[in-house]
Every structure is written in C-alpha cells, then in structure tokens.
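> Below is the file data-v7.cif, with mmCIF, C-alpha atoms.
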data_run
#
loop_
_atom_site.group_PDB
_atom_site.id
_atom_site.type_symbol
_atom_site.label_atom_id
_atom_site.label_comp_id
_atom_site.auth_asym_id
_atom_site.auth_seq_id
_atom_site.Cartn_x
_atom_site.Cartn_y
_atom_site.Cartn_z
ATOM 1 C CA MET M 97 -60.683 -21.187 78.378
ATOM 2 C CA LYS M 98 -62.450 -19.057 75.780
ATOM 3 C CA LYS M 99 -60.637 -15.930 77.027
ATOM 4 C CA LEU M 100 -57.306 -17.750 76.786
ATOM 5 C CA LEU M 101 -58.031 -18.788 73.211
ATOM 6 C CA ILE M 102 -58.974 -15.206 72.277
ATOM 7 C CA LEU M 103 -55.765 -13.943 73.909
ATOM 8 C CA VAL M 104 -53.642 -16.469 71.993
ATOM 9 C CA VAL M 105 -55.308 -15.525 68.675
ATOM 10 C CA MET M 106 -54.802 -11.809 69.390
ATOM 11 C CA LEU M 107 -51.134 -12.338 70.237
ATOM 12 C CA PHE M 108 -50.722 -14.367 67.045
ATOM 13 C CA LEU M 109 -52.328 -11.623 64.946
ATOM 14 C CA VAL M 110 -50.220 -8.917 66.586
ATOM 15 C CA GLY M 111 -47.122 -11.033 65.987
ATOM 16 C CA CYS M 112 -48.071 -11.511 62.319
ATOM 17 C CA SER M 113 -48.653 -7.823 61.733
ATOM 18 C CA ASN M 114 -45.390 -6.937 63.480
ATOM 19 C CA SER M 115 -43.389 -9.435 61.413
ATOM 20 C CA LYS M 116 -44.800 -7.881 58.246
ATOM 21 C CA ASP M 117 -43.710 -4.454 59.462
ATOM 22 C CA LEU M 118 -40.167 -5.742 59.914
ATOM 23 C CA VAL M 119 -39.554 -5.929 56.150
ATOM 24 C CA LYS M 120 -38.764 -2.582 54.534
ATOM 25 C CA ASN M 121 -37.733 -1.680 51.028
ATOM 26 C CA TYR M 122 -34.808 0.676 51.339
ATOM 27 C CA ASN M 123 -33.011 2.902 48.874
ATOM 28 C CA GLU M 124 -30.983 5.232 51.063
ATOM 29 C CA ASP M 125 -27.378 5.138 52.200
ATOM 30 C CA LEU M 126 -26.535 1.933 54.087
ATOM 31 C CA ASN M 127 -24.730 3.990 56.691
ATOM 32 C CA ASN M 128 -28.055 5.414 57.899
ATOM 33 C CA ILE M 129 -29.056 1.999 59.278
ATOM 34 C CA LYS M 130 -28.132 2.071 62.955
ATOM 35 C CA SER M 131 -30.356 -0.452 64.737
ATOM 36 C CA ALA M 132 -29.723 -4.193 64.942
ATOM 37 C CA SER M 133 -31.064 -5.453 61.625
ATOM 38 C CA TYR M 134 -30.576 -7.550 58.531
ATOM 39 C CA ILE M 135 -29.694 -5.977 55.203
ATOM 40 C CA PHE M 136 -30.490 -8.071 52.136
ATOM 41 C CA ILE M 137 -29.064 -6.740 48.871
ATOM 42 C CA TYR M 138 -30.323 -8.424 45.710
ATOM 43 C CA ASN M 139 -30.141 -7.818 41.979
ATOM 44 C CA ASP M 140 -32.703 -10.174 40.544
ATOM 45 C CA ASN M 141 -36.142 -11.561 41.299
ATOM 46 C CA LEU M 142 -36.796 -10.875 44.988
ATOM 47 C CA GLU M 143 -39.768 -13.267 44.944
ATOM 48 C CA GLN M 144 -37.466 -16.323 44.891
ATOM 49 C CA TYR M 145 -35.964 -15.271 48.242
ATOM 50 C CA LYS M 146 -39.266 -15.372 50.163
ATOM 51 C CA PRO M 147 -38.212 -18.494 52.127
ATOM 52 C CA LEU M 148 -35.058 -16.715 53.277
ATOM 53 C CA ILE M 149 -36.923 -13.505 54.110
ATOM 54 C CA ASN M 150 -39.569 -15.457 56.046
ATOM 55 C CA GLN M 151 -36.782 -17.183 57.982
ATOM 56 C CA LEU M 152 -35.318 -13.774 58.860
ATOM 57 C CA LYS M 153 -38.735 -12.405 59.873
ATOM 58 C CA ASN M 154 -38.931 -15.106 62.529
ATOM 59 C CA LYS M 155 -35.838 -13.640 64.172
ATOM 60 C CA GLY M 156 -37.784 -10.453 65.010
ATOM 61 C CA LEU M 157 -35.322 -7.871 63.665
ATOM 62 C CA PRO M 158 -35.914 -5.301 60.916
ATOM 63 C CA ILE M 159 -35.010 -6.499 57.409
ATOM 64 C CA TYR M 160 -33.951 -3.905 54.862
ATOM 65 C CA LEU M 161 -34.414 -5.039 51.259
ATOM 66 C CA ILE M 162 -32.182 -3.190 48.831
ATOM 67 C CA ASN M 163 -32.125 -3.610 45.078
ATOM 68 C CA SER M 164 -28.484 -3.339 44.000
ATOM 69 C CA ASN M 165 -29.543 -0.779 41.370
ATOM 70 C CA ASP M 166 -30.627 1.504 44.230
ATOM 71 C CA LEU M 167 -27.433 1.094 46.221
ATOM 72 C CA ASN M 168 -25.708 4.476 46.307
ATOM 73 C CA SER M 169 -22.619 3.497 48.240
ATOM 74 C CA ASN M 170 -20.560 0.467 49.222
ATOM 75 C CA LEU M 171 -20.443 -1.040 45.712
ATOM 76 C CA TYR M 172 -17.268 -2.801 44.654
ATOM 77 C CA ASN M 173 -15.547 -1.105 41.701
ATOM 78 C CA TRP M 174 -15.333 -3.926 39.147
ATOM 79 C CA GLU M 175 -13.908 -1.648 36.441
ATOM 80 C CA GLN M 176 -10.974 -0.707 38.644
ATOM 81 C CA HIS M 177 -10.631 -4.368 39.634
ATOM 82 C CA HIS M 178 -10.309 -5.516 36.014
ATOM 83 C CA ASN M 179 -7.784 -2.774 35.269
ATOM 84 C CA GLU M 180 -5.663 -4.034 38.145
ATOM 85 C CA TYR M 181 -6.113 -7.834 38.080
ATOM 86 C CA ASP M 182 -6.842 -8.888 34.477
ATOM 87 C CA ILE M 183 -3.831 -10.345 32.663
ATOM 88 C CA VAL M 184 -3.072 -10.093 28.932
ATOM 89 C CA VAL M 185 -1.494 -13.456 28.016
ATOM 90 C CA GLY M 186 -1.490 -13.516 24.232
ATOM 91 C CA ILE M 187 -2.525 -12.034 20.921
ATOM 92 C CA LEU M 188 -4.505 -13.317 17.952
ATOM 93 C CA ASP M 189 -2.636 -13.391 14.668
ATOM 94 C CA GLU M 190 -4.254 -12.688 11.304
ATOM 95 C CA ASN M 191 -5.327 -16.367 11.033
ATOM 96 C CA GLY M 192 -7.080 -16.358 14.415
ATOM 97 C CA ASN M 193 -4.366 -18.387 16.156
ATOM 98 C CA ILE M 194 -3.279 -17.406 19.651
ATOM 99 C CA ASN M 195 0.345 -16.474 20.146
ATOM 100 C CA TYR M 196 1.081 -16.570 23.867
ATOM 101 C CA TYR M 197 3.411 -14.014 25.365
ATOM 102 C CA GLU M 198 6.479 -15.225 27.189
ATOM 103 C CA SER M 199 5.478 -15.271 30.824
ATOM 104 C CA GLY M 200 8.395 -14.420 33.065
ATOM 105 C CA ASN M 201 6.294 -14.841 36.196
ATOM 106 C CA GLY M 202 5.453 -18.500 35.564
ATOM 107 C CA LEU M 203 1.689 -18.185 35.140
ATOM 108 C CA ASP M 204 -0.084 -21.485 34.719
ATOM 109 C CA ILE M 205 -3.011 -20.390 32.553
ATOM 110 C CA SER M 206 -4.754 -23.779 32.642
ATOM 111 C CA LYS M 207 -4.596 -23.864 36.426
ATOM 112 C CA LEU M 208 -5.994 -20.334 36.771
ATOM 113 C CA LEU M 209 -8.894 -21.209 34.464
ATOM 114 C CA ASP M 210 -9.570 -24.538 36.200
ATOM 115 C CA GLU M 211 -9.688 -22.898 39.645
ATOM 116 C CA GLY M 212 -12.432 -20.569 38.419
ATOM 117 C CA SER M 213 -10.704 -17.417 39.567
ATOM 118 C CA TYR M 214 -10.227 -16.351 35.929
ATOM 119 C CA THR M 215 -12.097 -16.730 32.661
ATOM 120 C CA GLN M 216 -10.625 -15.988 29.280
ATOM 121 C CA ASN M 217 -11.841 -13.369 26.881
ATOM 122 C CA ILE M 218 -10.630 -11.849 23.641
ATOM 123 C CA ARG M 219 -10.587 -8.079 23.536
ATOM 124 C CA ASN M 220 -8.894 -6.000 20.820
ATOM 125 C CA ASN M 221 -7.257 -9.163 19.413
ATOM 126 C CA GLU M 222 -5.664 -9.892 22.798
ATOM 127 C CA LEU M 223 -6.300 -12.977 24.903
ATOM 128 C CA ILE M 224 -7.055 -11.773 28.414
ATOM 129 C CA LEU M 225 -7.467 -13.701 31.642
ATOM 130 C CA VAL M 226 -10.369 -11.903 33.318
ATOM 131 C CA SER M 227 -10.280 -11.967 37.109
ATOM 132 C CA GLN M 228 -13.538 -13.230 38.632
ATOM 133 C CA VAL M 229 -12.641 -12.952 42.319
ATOM 134 C CA ALA M 230 -13.212 -9.627 44.019
ATOM 135 C CA GLN M 231 -10.629 -8.219 46.368
ATOM 136 C CA ASN M 232 -13.336 -6.436 48.316
ATOM 137 C CA LYS M 233 -13.062 -5.244 51.866
ATOM 138 C CA ILE M 234 -15.141 -7.184 54.351
ATOM 139 C CA ASP M 235 -14.809 -4.736 57.179
ATOM 140 C CA THR M 236 -16.553 -4.642 60.532
ATOM 141 C CA LYS M 237 -17.561 -1.030 59.937
ATOM 142 C CA LEU M 238 -20.599 -0.875 57.656
ATOM 143 C CA SER M 239 -19.386 2.313 55.979
ATOM 144 C CA ASN M 240 -16.238 0.463 54.782
ATOM 145 C CA VAL M 241 -17.859 -2.711 53.411
ATOM 146 C CA GLU M 242 -17.665 -3.185 49.642
ATOM 147 C CA ILE M 243 -20.487 -5.252 48.137
ATOM 148 C CA ALA M 244 -19.122 -7.238 45.186
ATOM 149 C CA TYR M 245 -21.602 -10.079 44.703
ATOM 150 C CA PHE M 246 -25.353 -10.438 44.895
ATOM 151 C CA PRO M 247 -27.351 -11.377 46.726
ATOM 152 C CA THR M 248 -25.598 -10.399 49.943
ATOM 153 C CA LEU M 249 -26.943 -10.627 53.486
ATOM 154 C CA LEU M 250 -25.527 -8.597 56.344
ATOM 155 C CA TYR M 251 -26.410 -8.569 60.008
ATOM 156 C CA VAL M 252 -25.522 -5.174 61.490
ATOM 157 C CA ASN M 253 -25.819 -3.458 64.823
ATOM 158 C CA ASP M 254 -24.991 0.210 65.428
ATOM 159 C CA GLY M 255 -23.113 0.504 62.131
ATOM 160 C CA ILE M 256 -20.976 -2.580 62.834
ATOM 161 C CA VAL M 257 -21.146 -5.647 60.586
ATOM 162 C CA ILE M 258 -21.581 -8.719 62.775
ATOM 163 C CA HIS M 259 -22.128 -11.270 59.959
ATOM 164 C CA TYR M 260 -21.747 -11.093 56.175
ATOM 165 C CA LYS M 261 -22.559 -13.615 53.452
ATOM 166 C CA GLU M 262 -22.221 -13.126 49.699
ATOM 167 C CA LYS M 263 -24.000 -15.124 46.989
ATOM 168 C CA ILE M 264 -26.571 -16.316 49.497
ATOM 169 C CA LYS M 265 -29.155 -18.853 48.310
ATOM 170 C CA PHE M 266 -32.878 -18.720 49.061
ATOM 171 C CA TYR M 267 -32.606 -22.046 50.894
ATOM 172 C CA ASP M 268 -29.591 -21.166 53.077
ATOM 173 C CA GLU M 269 -30.133 -21.573 56.813
ATOM 174 C CA ILE M 270 -29.182 -18.454 58.753
ATOM 175 C CA ASP M 271 -28.082 -19.175 62.294
ATOM 176 C CA TRP M 272 -27.173 -15.607 63.153
#
Give the structure from the file, written as structure tokens.

Amino acid sequence: MKKLLILVVMLFLVGCSNSKDLVKNYNEDLNNIKSASYIFIYNDNLEQYKPLINQLKNKGLPIYLINSNDLNSNLYNWEQHHNEYDIVVGILDENGNINYYESGNGLDISKLLDEGSYTQNIRNNELILVSQVAQNKIDTKLSNVEIAYFPTLLYVNDGIVIHYKEKIKFYDEIDW
C-alpha cells in the first residue's frame, strides 16, 4: 500500500512538472509551430487568463503564449481596413452642425451604429462611420490566418488551424 501511495505521488509530481513545461512564451513566427498545440495571443494582462491557461494545461498539449506586440506576422491590417471600409457621411459647418451628404446607396446610419459594426468619429471636419468589424481571413492554413482581435486562441496541428476563437474570455470553456 505504501509503495502504491509513493507511486501515485510520484506520478502526480511528474504530471505537475510536465504541465508546467507545456506553457511557453513565444515570440517567433507562428508558422514555425508544427506540433499539435494551442496558441494564445493576448495584448493585455496575461495574469487574468490563468484560469483559461490552466484549463488548457489539463489537455496535455503545448501552449504558446504570444504577446500581440511580439507577433511578427499574421496581424490584420487595420489601417488598410479603415481606408477601404470607413464611410464619410457628412461635414461639419462653421457652426459645428453636421451637414449629411446625399447618400445614393441608401445607407441607414442609425442602423449601422445600432448594430455595432460602425462607430462615428469626426476627422478633418468630416463625419466618418468607422468600421469596427474586421474582414480578416480565418483560413485553415496557419500561415494565412489574420489575427484581428485579442485575445485569440487557436488550436493547430501541423500548420493547420483546427479551431479558432477571437475575443476569448478567461472564463470560456474550451471543448477542443
């Protein structure tokens, strides 16, 4: 009985040390990750995601933690996005009143703002609807994925994205 207890404790300790080794800070190209693993990309306090990371550790696969500031590839180009999708809808006159442009395409500004896909901003005395929804590629090939929102969790195997979730919360249950 004593030997069995010692064996169980040893297996537990080995399991604990192995689960700690599963978590790796990573600042290289995503495309270098080839084994089955989780990739967690964050841009704020990593500490708040400990419950999520602990949940992933229990799955027994490597977990690569990547600060978005260290991400060298796969970032969504928000500047290009705004150049393409933002809409100028009016101009401010000298009294600060908005004069809306005639909209031949039937834009319903209130609806776009209510849906949350646009916010409004004033830039250079123009009223602009600023697009908030990325048109990023969610591809199965890791090298083609564009990360637009943080935090993002990916499950990859051999350079193929199996699962992908943007704006993940620390309390989300991961069943993959």
> List as a PyMOL selection string the protein and nucleic acid residues near range 187-196 of chain M, meaning an atom at most 10 Å away when all atoms listed in the file are counted, but skip any in the same chain fewer than 5 places from it.
chain M and resi 218-224
> Tell me, in Å to one decimal, how far CA of Lys155 in chain M is from CA of Ile129 in chain M.
17.7 Å
> For the structure provided, state which residues fall under the PyMOL selection byres ((chain M and resi 263) around 6), and present them as a PyMOL selection string.
chain M and resi 246-248+262+264
> Give me the residues within 12 Å of range 157-169 of chain M as a tab-separated table (two decimals) with C-alpha atoms, in the coordinates of the input, counting all atoms listed in the file and dropping any in the same chain fewer than 5 places off.

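Result went into selection05.tsv, see below:
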chain	number	residue	atom	x	y	z
M	114	ASN	CA	-45.39	-6.94	63.48
M	115	SER	CA	-43.39	-9.44	61.41
M	116	LYS	CA	-44.80	-7.88	58.25
M	117	ASP	CA	-43.71	-4.45	59.46
M	118	LEU	CA	-40.17	-5.74	59.91
M	119	VAL	CA	-39.55	-5.93	56.15
M	120	LYS	CA	-38.76	-2.58	54.53
M	121	ASN	CA	-37.73	-1.68	51.03
M	122	TYR	CA	-34.81	0.68	51.34
M	123	ASN	CA	-33.01	2.90	48.87
M	124	GLU	CA	-30.98	5.23	51.06
M	125	ASP	CA	-27.38	5.14	52.20
M	126	LEU	CA	-26.54	1.93	54.09
M	127	ASN	CA	-24.73	3.99	56.69
M	128	ASN	CA	-28.06	5.41	57.90
M	129	ILE	CA	-29.06	2.00	59.28
M	130	LYS	CA	-28.13	2.07	62.96
M	131	SER	CA	-30.36	-0.45	64.74
M	132	ALA	CA	-29.72	-4.19	64.94
M	133	SER	CA	-31.06	-5.45	61.62
M	134	TYR	CA	-30.58	-7.55	58.53
M	135	ILE	CA	-29.69	-5.98	55.20
M	136	PHE	CA	-30.49	-8.07	52.14
M	137	ILE	CA	-29.06	-6.74	48.87
M	138	TYR	CA	-30.32	-8.42	45.71
M	139	ASN	CA	-30.14	-7.82	41.98
M	140	ASP	CA	-32.70	-10.17	40.54
M	141	ASN	CA	-36.14	-11.56	41.30
M	142	LEU	CA	-36.80	-10.88	44.99
M	143	GLU	CA	-39.77	-13.27	44.94
M	145	TYR	CA	-35.96	-15.27	48.24
M	146	LYS	CA	-39.27	-15.37	50.16
M	148	LEU	CA	-35.06	-16.72	53.28
M	149	ILE	CA	-36.92	-13.50	54.11
M	150	ASN	CA	-39.57	-15.46	56.05
M	151	GLN	CA	-36.78	-17.18	57.98
M	152	LEU	CA	-35.32	-13.77	58.86
M	238	LEU	CA	-20.60	-0.88	57.66
M	239	SER	CA	-19.39	2.31	55.98
M	240	ASN	CA	-16.24	0.46	54.78
M	241	VAL	CA	-17.86	-2.71	53.41
M	242	GLU	CA	-17.66	-3.18	49.64
M	243	ILE	CA	-20.49	-5.25	48.14
M	244	ALA	CA	-19.12	-7.24	45.19
M	245	TYR	CA	-21.60	-10.08	44.70
M	246	PHE	CA	-25.35	-10.44	44.90
M	247	PRO	CA	-27.35	-11.38	46.73
M	248	THR	CA	-25.60	-10.40	49.94
M	249	LEU	CA	-26.94	-10.63	53.49
M	250	LEU	CA	-25.53	-8.60	56.34
M	251	TYR	CA	-26.41	-8.57	60.01
M	252	VAL	CA	-25.52	-5.17	61.49
M	253	ASN	CA	-25.82	-3.46	64.82
M	272	TRP	CA	-27.17	-15.61	63.15
> Would you mind reading off the distance between CA of Asp268 in chain M and CA of Trp174 in chain M, one decimal, in Å?
26.4 Å
> Find the spatial neighbours of Gln228 in chain M, counting only C-alpha atoms, within a cut-off of 12 Å - ignore same-chain residues fewer than 4 positions away - and output them as JSON, numbers by chain.
{"M": [174, 175, 177, 178, 181, 182, 183, 208, 209, 211, 212, 213, 214, 215, 216, 217, 232, 244, 245]}
> As an exercise, work out the distance from CA of Asp204 in chain M to CA of Glu180 in chain M in Å and give it to one decimal place.
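Between CA of Asp204 in chain M and CA of Glu180 in chain M the gap is 18.6 Å.
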